[in-house]
Amino acid sequence: MKFKSGLHLLFTLTYLFCHAGSTLKNNFEHKQYDYSFTLKQANDSLASLKKQIGNFAKKKDYINAIALSKKLLEKAIVISDSSHITNAYWRQGYYFKRLDQLDSSYFYIDKAYSINLKLKDSIGAGDRLLDMANIQKSLGDYNGGMITATEGLKYLEGSNEIESISGLYQNIAVCQKELGHPKEALRWSDKIFSLLNKHPTADISTENLYNIKTTRANILAALKDYGTSLKILDSIAANTQASNPSQFARAICNKGHYMWLENKNNPESEPLQLEALRIRQELNTVPGLISSTIHLAEYYFETNKPLALDFAQKALANSKKTNNSVAILEALDLLLPLKKSLDQDVSEEAIFYSNVQNTLEKTKQAVRAIYAATKYDNDALEKKNLMLLAQVAIKEKQNILAISATIISLILIVFVVLYKNQQKKKEQLEMAYKTELRLSKKLHDELGNDIFYLMTQVQKEGQDIANPQKVIILEGLDSIYQRIRDISKEFTAIDTGDNFGKEFFSLLNSYSSTKTKLITKELPSNFWDNVSAEAKIEVYRVLQELLVNMKKHSNASLVAITCSKSSKQVVIKYVDNGVGFSLKGNYLGNGLKNVENRIKGIKGSIIFDSKPNEGVTATITFAI
């Protein structure tokens, strides 16, 4: 019983252990699934938040857009999503700018810029510097704006971000103009148009193009070049009158203002400015209304002070709506002297002027403080990035040098192998040529002389020459002797120098007879000039082999040989009207195989074309 109880307990424990393991495994797998599901939920949540933010922005509800952008930032930080963190900072900066809270806007855009640097995102860094430079320009900090824009160009110049680069150029041009440097402003404006001419297909918005052109017109007016300035504004007005009332109003407002600056008595100036004001009132574009009322206050400043004061007060009211400190001060600069000249109390406006001036200065200082506080860290980070890039560049250079050295080594090895093979082939050709000469000499000097000696012995005086048997022997010996002389002749030394042409021509003519007519054309004296000695020898032997073959086997009555030459190759064509042969099967005998091998030895080719009873055509081609 104890044994059974123990066994039962063992089975129970085993079951429980397995069940617990299975549960743990299921829980672990469930947690893994939950984790991936959480990531998906997080991404969905971020996408949903961005969509909600976009909806608020479309309604110009920037307060709620900022609140949700903060939530977007918090969620992005939780999942360490750098891309969404940067986007959340940028969104807050953008919406604070729309609310004219420029110090807050600058703070968040600077945060986005710092992350762009950490991510080594040069395009993003350049774009954020453009945003920051525009804020500084809006605050009237033109020197700061130029410095920041110039910094942005370090990241973007040379890239394909044409719109951002032109935006940085535009910022610098405006700042230079406002600082009283119109010539320098024009130089930067020229850079914009030069850039756009180089990239005619660049994706630049129509609004930005109008802004760039209007800025150029403003710069030219500052240089007193009113004629060119007005032409630009006329062009913009003509293109926007029916399609873009906001840009049209801006163009005619500036046109009327510059006409007045050029000639205080110009009758067209006042109607143009009043028409621009009317359009802007209909559109209720506050920045446009500020610009129109400022220009009209200036227009009436000397001639109708009450009316000028009215427009200055309207400019101030609209500037307060947008909380634009620079515009407020500009309006007050007109309003205070007008009130004073009309004997009105200016104390309230003077106090307001002082407060706005102080607020504006504090905002500038805050922005400068943000810039100063982060510049050291950003510069240090940029320096670190540059060092890393330099190290990468050095490694890449080392890799390129190593690869280049390997490639050069391989090329040298291939060159040496090819050169050795070429030399070997050359040596083989020379050895074959020397062997042929040695055989020729041996045939002529030894075997030929021995046969000739036998013939003289048979012909000695006192012997019966009329003996038919001796006649047969003599004829046989004479035939052998002639054949040896022919063979010897085939392998005699060939003059590959200036006389090769004559020797080649003599070879061809030597095979002409009463039975076989050989047709050829004498070649120019310089035909063989740039043909190598090896090629001359091989061509000579190949044609010799073809002619011997013709004499022995073809029964040809007509042979034609033509030679032609270009800057790259020589082509020799052999044609006879002999018995020919079939190209099917193994049609090349030893003689023709030797011909083919010789031509291959000089990197050439020989092509045979023949049919039984239709003669033979052989085309030889080789490179010079």
# chains A, B, ... in the order shown; residues from 1 in each chain; ligands from 1

call {"tool": "residues_around", "arguments": {"residues": "stretch 570-573 of chain A", "least_positions_apart": "2", "cutoff": "9 Å", "atoms": "only C-alpha atoms", "output": "JSON, numbers by chain"}}
result
{"A": [531, 560, 561, 562, 563, 564, 565, 566, 567, 568, 575, 617, 618, 619, 620, 621, 622, 623, 624]}

call {"tool": "select_by_dssp", "arguments": {"residues": "stretch 55-279 of chain A", "states": "alpha helix (DSSP H)", "output": "PyMOL selection string"}}
result
chain A and resi 55-58+62-78+82-98+102-118+122-138+142-156+162-178+182-198+206-222+226-240+245-262+269-279

call {"tool": "residues_around", "arguments": {"residues": "A:Ser189", "least_positions_apart": "2", "cutoff": "12 Å", "atoms": "only C-alpha atoms", "output": "PyMOL selection string"}}
result
chain A and resi 165-177+182-187+191-196+209+211-220

call {"tool": "write_last_selection", "arguments": {"atoms": "C-alpha atoms", "output": "PDB file, in the first residue's frame"}}
result
ATOM      1  CA  ILE A 165      18.177  76.478 -49.039  1.00  0.00           C
ATOM      2  CA  SER A 166      16.315  79.268 -50.837  1.00  0.00           C
ATOM      3  CA  GLY A 167      14.468  79.957 -47.539  1.00  0.00           C
ATOM      4  CA  LEU A 168      17.794  80.455 -45.744  1.00  0.00           C
ATOM      5  CA  TYR A 169      19.046  82.724 -48.554  1.00  0.00           C
ATOM      6  CA  GLN A 170      15.768  84.654 -48.350  1.00  0.00           C
ATOM      7  CA  ASN A 171      16.122  85.087 -44.580  1.00  0.00           C
ATOM      8  CA  ILE A 172      19.648  86.489 -44.957  1.00  0.00           C
ATOM      9  CA  ALA A 173      18.542  88.812 -47.785  1.00  0.00           C
ATOM     10  CA  VAL A 174      15.681  90.264 -45.686  1.00  0.00           C
ATOM     11  CA  CYS A 175      17.925  90.677 -42.605  1.00  0.00           C
ATOM     12  CA  GLN A 176      20.597  92.463 -44.669  1.00  0.00           C
ATOM     13  CA  LYS A 177      17.974  94.803 -46.119  1.00  0.00           C
ATOM     14  CA  PRO A 182      20.625  96.612 -49.643  1.00  0.00           C
ATOM     15  CA  LYS A 183      23.594  95.740 -51.882  1.00  0.00           C
ATOM     16  CA  GLU A 184      24.453  92.753 -49.721  1.00  0.00           C
ATOM     17  CA  ALA A 185      20.760  91.844 -49.612  1.00  0.00           C
ATOM     18  CA  LEU A 186      20.667  91.885 -53.414  1.00  0.00           C
ATOM     19  CA  ARG A 187      23.681  89.528 -53.534  1.00  0.00           C
ATOM     20  CA  LYS A 191      21.910  83.521 -55.051  1.00  0.00           C
ATOM     21  CA  ILE A 192      18.267  82.435 -54.780  1.00  0.00           C
ATOM     22  CA  PHE A 193      17.570  83.003 -58.475  1.00  0.00           C
ATOM     23  CA  SER A 194      20.864  81.373 -59.485  1.00  0.00           C
ATOM     24  CA  LEU A 195      19.908  78.316 -57.415  1.00  0.00           C
ATOM     25  CA  LEU A 196      16.427  78.137 -58.941  1.00  0.00           C
ATOM     26  CA  LEU A 209       8.080  82.139 -55.241  1.00  0.00           C
ATOM     27  CA  ASN A 211       7.496  86.010 -51.514  1.00  0.00           C
ATOM     28  CA  ILE A 212      10.986  85.674 -53.035  1.00  0.00           C
ATOM     29  CA  LYS A 213      10.066  87.997 -55.912  1.00  0.00           C
ATOM     30  CA  THR A 214       8.420  90.543 -53.589  1.00  0.00           C
ATOM     31  CA  THR A 215      11.529  90.581 -51.378  1.00  0.00           C
ATOM     32  CA  ARG A 216      13.648  91.287 -54.460  1.00  0.00           C
ATOM     33  CA  ALA A 217      11.325  94.162 -55.402  1.00  0.00           C
ATOM     34  CA  ASN A 218      11.665  95.565 -51.854  1.00  0.00           C
ATOM     35  CA  ILE A 219      15.472  95.343 -52.019  1.00  0.00           C
ATOM     36  CA  LEU A 220      15.591  97.078 -55.408  1.00  0.00           C
TER      37      LEU A 220
END

call {"tool": "closest_residue", "arguments": {"among": "A:Leu102, A:Leu401, A:Leu518, A:Ile79", "to": "A:Ser138", "atoms": "only C-alpha atoms"}}
result
A:Leu102

call {"tool": "atom_distance", "arguments": {"atom1": "atom CA of A:Gln247", "atom2": "atom CA of A:Asp103"}}
result
28.8 Å

call {"tool": "atom_distance", "arguments": {"atom1": "atom CA of A:Lys154", "atom2": "atom CA of A:Asp81"}}
result
26.7 Å

call {"tool": "atom_distance", "arguments": {"atom1": "atom CA of A:Asn239", "atom2": "atom CA of A:Cys253"}}
result
15.3 Å

call {"tool": "decode", "arguments": {"residues": "stretch 87-101 of chain A", "atoms": "all heavy atoms", "output": "PDB file, in the first residue's frame"}}
result
ATOM      1  N   ASN A  87       9.309  65.280 -33.859  1.00  0.00           N
ATOM      2  CA  ASN A  87       8.094  65.834 -34.462  1.00  0.00           C
ATOM      3  C   ASN A  87       7.243  66.558 -33.430  1.00  0.00           C
ATOM      4  O   ASN A  87       6.686  67.625 -33.703  1.00  0.00           O
ATOM      5  CB  ASN A  87       7.291  64.708 -35.122  1.00  0.00           C
ATOM      6  CG  ASN A  87       6.051  65.210 -35.836  1.00  0.00           C
ATOM      7  OD1 ASN A  87       4.944  65.162 -35.315  1.00  0.00           O
ATOM      8  ND2 ASN A  87       6.243  65.705 -37.051  1.00  0.00           N
ATOM      9  N   ALA A  88       7.162  65.990 -32.211  1.00  0.00           N
ATOM     10  CA  ALA A  88       6.352  66.601 -31.148  1.00  0.00           C
ATOM     11  C   ALA A  88       6.942  67.944 -30.726  1.00  0.00           C
ATOM     12  O   ALA A  88       6.205  68.921 -30.516  1.00  0.00           O
ATOM     13  CB  ALA A  88       6.262  65.657 -29.954  1.00  0.00           C
ATOM     14  N   TYR A  89       8.266  68.000 -30.587  1.00  0.00           N
ATOM     15  CA  TYR A  89       8.912  69.277 -30.248  1.00  0.00           C
ATOM     16  C   TYR A  89       8.664  70.315 -31.348  1.00  0.00           C
ATOM     17  O   TYR A  89       8.340  71.471 -31.075  1.00  0.00           O
ATOM     18  CB  TYR A  89      10.410  69.079 -30.072  1.00  0.00           C
ATOM     19  CG  TYR A  89      10.817  68.581 -28.702  1.00  0.00           C
ATOM     20  CD1 TYR A  89      11.682  67.503 -28.561  1.00  0.00           C
ATOM     21  CD2 TYR A  89      10.360  69.208 -27.543  1.00  0.00           C
ATOM     22  CE1 TYR A  89      12.070  67.045 -27.302  1.00  0.00           C
ATOM     23  CE2 TYR A  89      10.729  68.766 -26.284  1.00  0.00           C
ATOM     24  CZ  TYR A  89      11.588  67.675 -26.170  1.00  0.00           C
ATOM     25  OH  TYR A  89      11.963  67.247 -24.936  1.00  0.00           O
ATOM     26  N   TRP A  90       8.840  69.876 -32.611  1.00  0.00           N
ATOM     27  CA  TRP A  90       8.656  70.819 -33.721  1.00  0.00           C
ATOM     28  C   TRP A  90       7.223  71.349 -33.763  1.00  0.00           C
ATOM     29  O   TRP A  90       6.999  72.545 -33.983  1.00  0.00           O
ATOM     30  CB  TRP A  90       8.998  70.150 -35.056  1.00  0.00           C
ATOM     31  CG  TRP A  90       8.660  71.024 -36.216  1.00  0.00           C
ATOM     32  CD1 TRP A  90       9.385  72.063 -36.702  1.00  0.00           C
ATOM     33  CD2 TRP A  90       7.458  70.977 -37.009  1.00  0.00           C
ATOM     34  NE1 TRP A  90       8.733  72.663 -37.760  1.00  0.00           N
ATOM     35  CE2 TRP A  90       7.544  72.018 -37.960  1.00  0.00           C
ATOM     36  CE3 TRP A  90       6.336  70.165 -37.010  1.00  0.00           C
ATOM     37  CZ2 TRP A  90       6.559  72.250 -38.898  1.00  0.00           C
ATOM     38  CZ3 TRP A  90       5.337  70.387 -37.945  1.00  0.00           C
ATOM     39  CH2 TRP A  90       5.448  71.423 -38.882  1.00  0.00           C
ATOM     40  N   ARG A  91       6.247  70.450 -33.550  1.00  0.00           N
ATOM     41  CA  ARG A  91       4.838  70.860 -33.584  1.00  0.00           C
ATOM     42  C   ARG A  91       4.563  71.937 -32.529  1.00  0.00           C
ATOM     43  O   ARG A  91       3.901  72.945 -32.814  1.00  0.00           O
ATOM     44  CB  ARG A  91       3.927  69.654 -33.342  1.00  0.00           C
ATOM     45  CG  ARG A  91       3.760  68.768 -34.576  1.00  0.00           C
ATOM     46  CD  ARG A  91       2.952  67.527 -34.249  1.00  0.00           C
ATOM     47  NE  ARG A  91       2.797  66.691 -35.435  1.00  0.00           N
ATOM     48  CZ  ARG A  91       1.842  66.828 -36.330  1.00  0.00           C
ATOM     49  NH1 ARG A  91       0.940  67.781 -36.196  1.00  0.00           N
ATOM     50  NH2 ARG A  91       1.766  66.026 -37.379  1.00  0.00           N
ATOM     51  N   GLN A  92       5.074  71.731 -31.317  1.00  0.00           N
ATOM     52  CA  GLN A  92       4.849  72.731 -30.270  1.00  0.00           C
ATOM     53  C   GLN A  92       5.473  74.070 -30.670  1.00  0.00           C
ATOM     54  O   GLN A  92       4.865  75.128 -30.490  1.00  0.00           O
ATOM     55  CB  GLN A  92       5.457  72.234 -28.951  1.00  0.00           C
ATOM     56  CG  GLN A  92       4.664  71.065 -28.364  1.00  0.00           C
ATOM     57  CD  GLN A  92       5.267  70.564 -27.077  1.00  0.00           C
ATOM     58  OE1 GLN A  92       5.082  71.191 -26.031  1.00  0.00           O
ATOM     59  NE2 GLN A  92       5.989  69.448 -27.137  1.00  0.00           N
ATOM     60  N   GLY A  93       6.688  74.002 -31.223  1.00  0.00           N
ATOM     61  CA  GLY A  93       7.343  75.227 -31.679  1.00  0.00           C
ATOM     62  C   GLY A  93       6.537  75.936 -32.754  1.00  0.00           C
ATOM     63  O   GLY A  93       6.376  77.169 -32.730  1.00  0.00           O
ATOM     64  N   TYR A  94       6.002  75.142 -33.702  1.00  0.00           N
ATOM     65  CA  TYR A  94       5.242  75.718 -34.814  1.00  0.00           C
ATOM     66  C   TYR A  94       3.956  76.389 -34.317  1.00  0.00           C
ATOM     67  O   TYR A  94       3.629  77.518 -34.713  1.00  0.00           O
ATOM     68  CB  TYR A  94       4.910  74.616 -35.822  1.00  0.00           C
ATOM     69  CG  TYR A  94       4.083  75.097 -36.991  1.00  0.00           C
ATOM     70  CD1 TYR A  94       4.659  75.815 -38.036  1.00  0.00           C
ATOM     71  CD2 TYR A  94       2.713  74.847 -37.037  1.00  0.00           C
ATOM     72  CE1 TYR A  94       3.894  76.267 -39.104  1.00  0.00           C
ATOM     73  CE2 TYR A  94       1.931  75.292 -38.102  1.00  0.00           C
ATOM     74  CZ  TYR A  94       2.537  75.999 -39.129  1.00  0.00           C
ATOM     75  OH  TYR A  94       1.768  76.449 -40.177  1.00  0.00           O
ATOM     76  N   TYR A  95       3.229  75.698 -33.385  1.00  0.00           N
ATOM     77  CA  TYR A  95       1.944  76.246 -32.940  1.00  0.00           C
ATOM     78  C   TYR A  95       2.144  77.438 -31.999  1.00  0.00           C
ATOM     79  O   TYR A  95       1.342  78.374 -32.003  1.00  0.00           O
ATOM     80  CB  TYR A  95       1.093  75.161 -32.277  1.00  0.00           C
ATOM     81  CG  TYR A  95       0.793  74.014 -33.219  1.00  0.00           C
ATOM     82  CD1 TYR A  95       0.971  72.685 -32.832  1.00  0.00           C
ATOM     83  CD2 TYR A  95       0.365  74.256 -34.527  1.00  0.00           C
ATOM     84  CE1 TYR A  95       0.715  71.644 -33.701  1.00  0.00           C
ATOM     85  CE2 TYR A  95       0.104  73.211 -35.407  1.00  0.00           C
ATOM     86  CZ  TYR A  95       0.295  71.906 -34.990  1.00  0.00           C
ATOM     87  OH  TYR A  95       0.051  70.878 -35.862  1.00  0.00           O
ATOM     88  N   PHE A  96       3.209  77.440 -31.205  1.00  0.00           N
ATOM     89  CA  PHE A  96       3.504  78.621 -30.384  1.00  0.00           C
ATOM     90  C   PHE A  96       3.820  79.828 -31.274  1.00  0.00           C
ATOM     91  O   PHE A  96       3.473  80.960 -30.939  1.00  0.00           O
ATOM     92  CB  PHE A  96       4.677  78.343 -29.439  1.00  0.00           C
ATOM     93  CG  PHE A  96       4.257  77.741 -28.122  1.00  0.00           C
ATOM     94  CD1 PHE A  96       4.707  76.484 -27.739  1.00  0.00           C
ATOM     95  CD2 PHE A  96       3.413  78.436 -27.264  1.00  0.00           C
ATOM     96  CE1 PHE A  96       4.324  75.929 -26.519  1.00  0.00           C
ATOM     97  CE2 PHE A  96       3.027  77.885 -26.042  1.00  0.00           C
ATOM     98  CZ  PHE A  96       3.471  76.627 -25.672  1.00  0.00           C
ATOM     99  N   LYS A  97       4.469  79.577 -32.398  1.00  0.00           N
ATOM    100  CA  LYS A  97       4.758  80.683 -33.330  1.00  0.00           C
ATOM    101  C   LYS A  97       3.463  81.253 -33.901  1.00  0.00           C
ATOM    102  O   LYS A  97       3.326  82.467 -34.067  1.00  0.00           O
ATOM    103  CB  LYS A  97       5.678  80.207 -34.458  1.00  0.00           C
ATOM    104  CG  LYS A  97       6.142  81.359 -35.354  1.00  0.00           C
ATOM    105  CD  LYS A  97       6.998  80.902 -36.499  1.00  0.00           C
ATOM    106  CE  LYS A  97       7.412  82.090 -37.361  1.00  0.00           C
ATOM    107  NZ  LYS A  97       8.142  81.692 -38.575  1.00  0.00           N
ATOM    108  N   ARG A  98       2.504  80.358 -34.207  1.00  0.00           N
ATOM    109  CA  ARG A  98       1.220  80.835 -34.733  1.00  0.00           C
ATOM    110  C   ARG A  98       0.491  81.708 -33.705  1.00  0.00           C
ATOM    111  O   ARG A  98      -0.310  82.557 -34.064  1.00  0.00           O
ATOM    112  CB  ARG A  98       0.323  79.653 -35.121  1.00  0.00           C
ATOM    113  CG  ARG A  98       0.913  78.695 -36.141  1.00  0.00           C
ATOM    114  CD  ARG A  98       1.193  79.333 -37.473  1.00  0.00           C
ATOM    115  NE  ARG A  98      -0.014  79.679 -38.201  1.00  0.00           N
ATOM    116  CZ  ARG A  98      -0.031  80.236 -39.399  1.00  0.00           C
ATOM    117  NH1 ARG A  98       1.121  80.518 -40.006  1.00  0.00           N
ATOM    118  NH2 ARG A  98      -1.163  80.511 -40.000  1.00  0.00           N
ATOM    119  N   LEU A  99       0.814  81.474 -32.424  1.00  0.00           N
ATOM    120  CA  LEU A  99       0.218  82.289 -31.355  1.00  0.00           C
ATOM    121  C   LEU A  99       1.091  83.494 -31.008  1.00  0.00           C
ATOM    122  O   LEU A  99       0.808  84.201 -30.044  1.00  0.00           O
ATOM    123  CB  LEU A  99       0.027  81.425 -30.096  1.00  0.00           C
ATOM    124  CG  LEU A  99      -1.024  80.317 -30.186  1.00  0.00           C
ATOM    125  CD1 LEU A  99      -0.925  79.394 -28.988  1.00  0.00           C
ATOM    126  CD2 LEU A  99      -2.432  80.906 -30.295  1.00  0.00           C
ATOM    127  N   ASP A 100       2.151  83.694 -31.786  1.00  0.00           N
ATOM    128  CA  ASP A 100       3.107  84.784 -31.582  1.00  0.00           C
ATOM    129  C   ASP A 100       3.801  84.718 -30.223  1.00  0.00           C
ATOM    130  O   ASP A 100       4.250  85.737 -29.699  1.00  0.00           O
ATOM    131  CB  ASP A 100       2.445  86.156 -31.758  1.00  0.00           C
ATOM    132  CG  ASP A 100       2.275  86.488 -33.243  1.00  0.00           C
ATOM    133  OD1 ASP A 100       3.275  86.439 -33.981  1.00  0.00           O
ATOM    134  OD2 ASP A 100       1.132  86.757 -33.641  1.00  0.00           O
ATOM    135  N   GLN A 101       3.900  83.533 -29.671  1.00  0.00           N
ATOM    136  CA  GLN A 101       4.703  83.321 -28.463  1.00  0.00           C
ATOM    137  C   GLN A 101       6.076  82.821 -28.930  1.00  0.00           C
ATOM    138  O   GLN A 101       6.386  81.623 -28.894  1.00  0.00           O
ATOM    139  CB  GLN A 101       4.014  82.338 -27.516  1.00  0.00           C
ATOM    140  CG  GLN A 101       2.685  82.860 -26.989  1.00  0.00           C
ATOM    141  CD  GLN A 101       2.024  81.903 -26.025  1.00  0.00           C
ATOM    142  OE1 GLN A 101       2.675  81.190 -25.275  1.00  0.00           O
ATOM    143  NE2 GLN A 101       0.691  81.904 -26.032  1.00  0.00           N
TER     144      GLN A 101
END
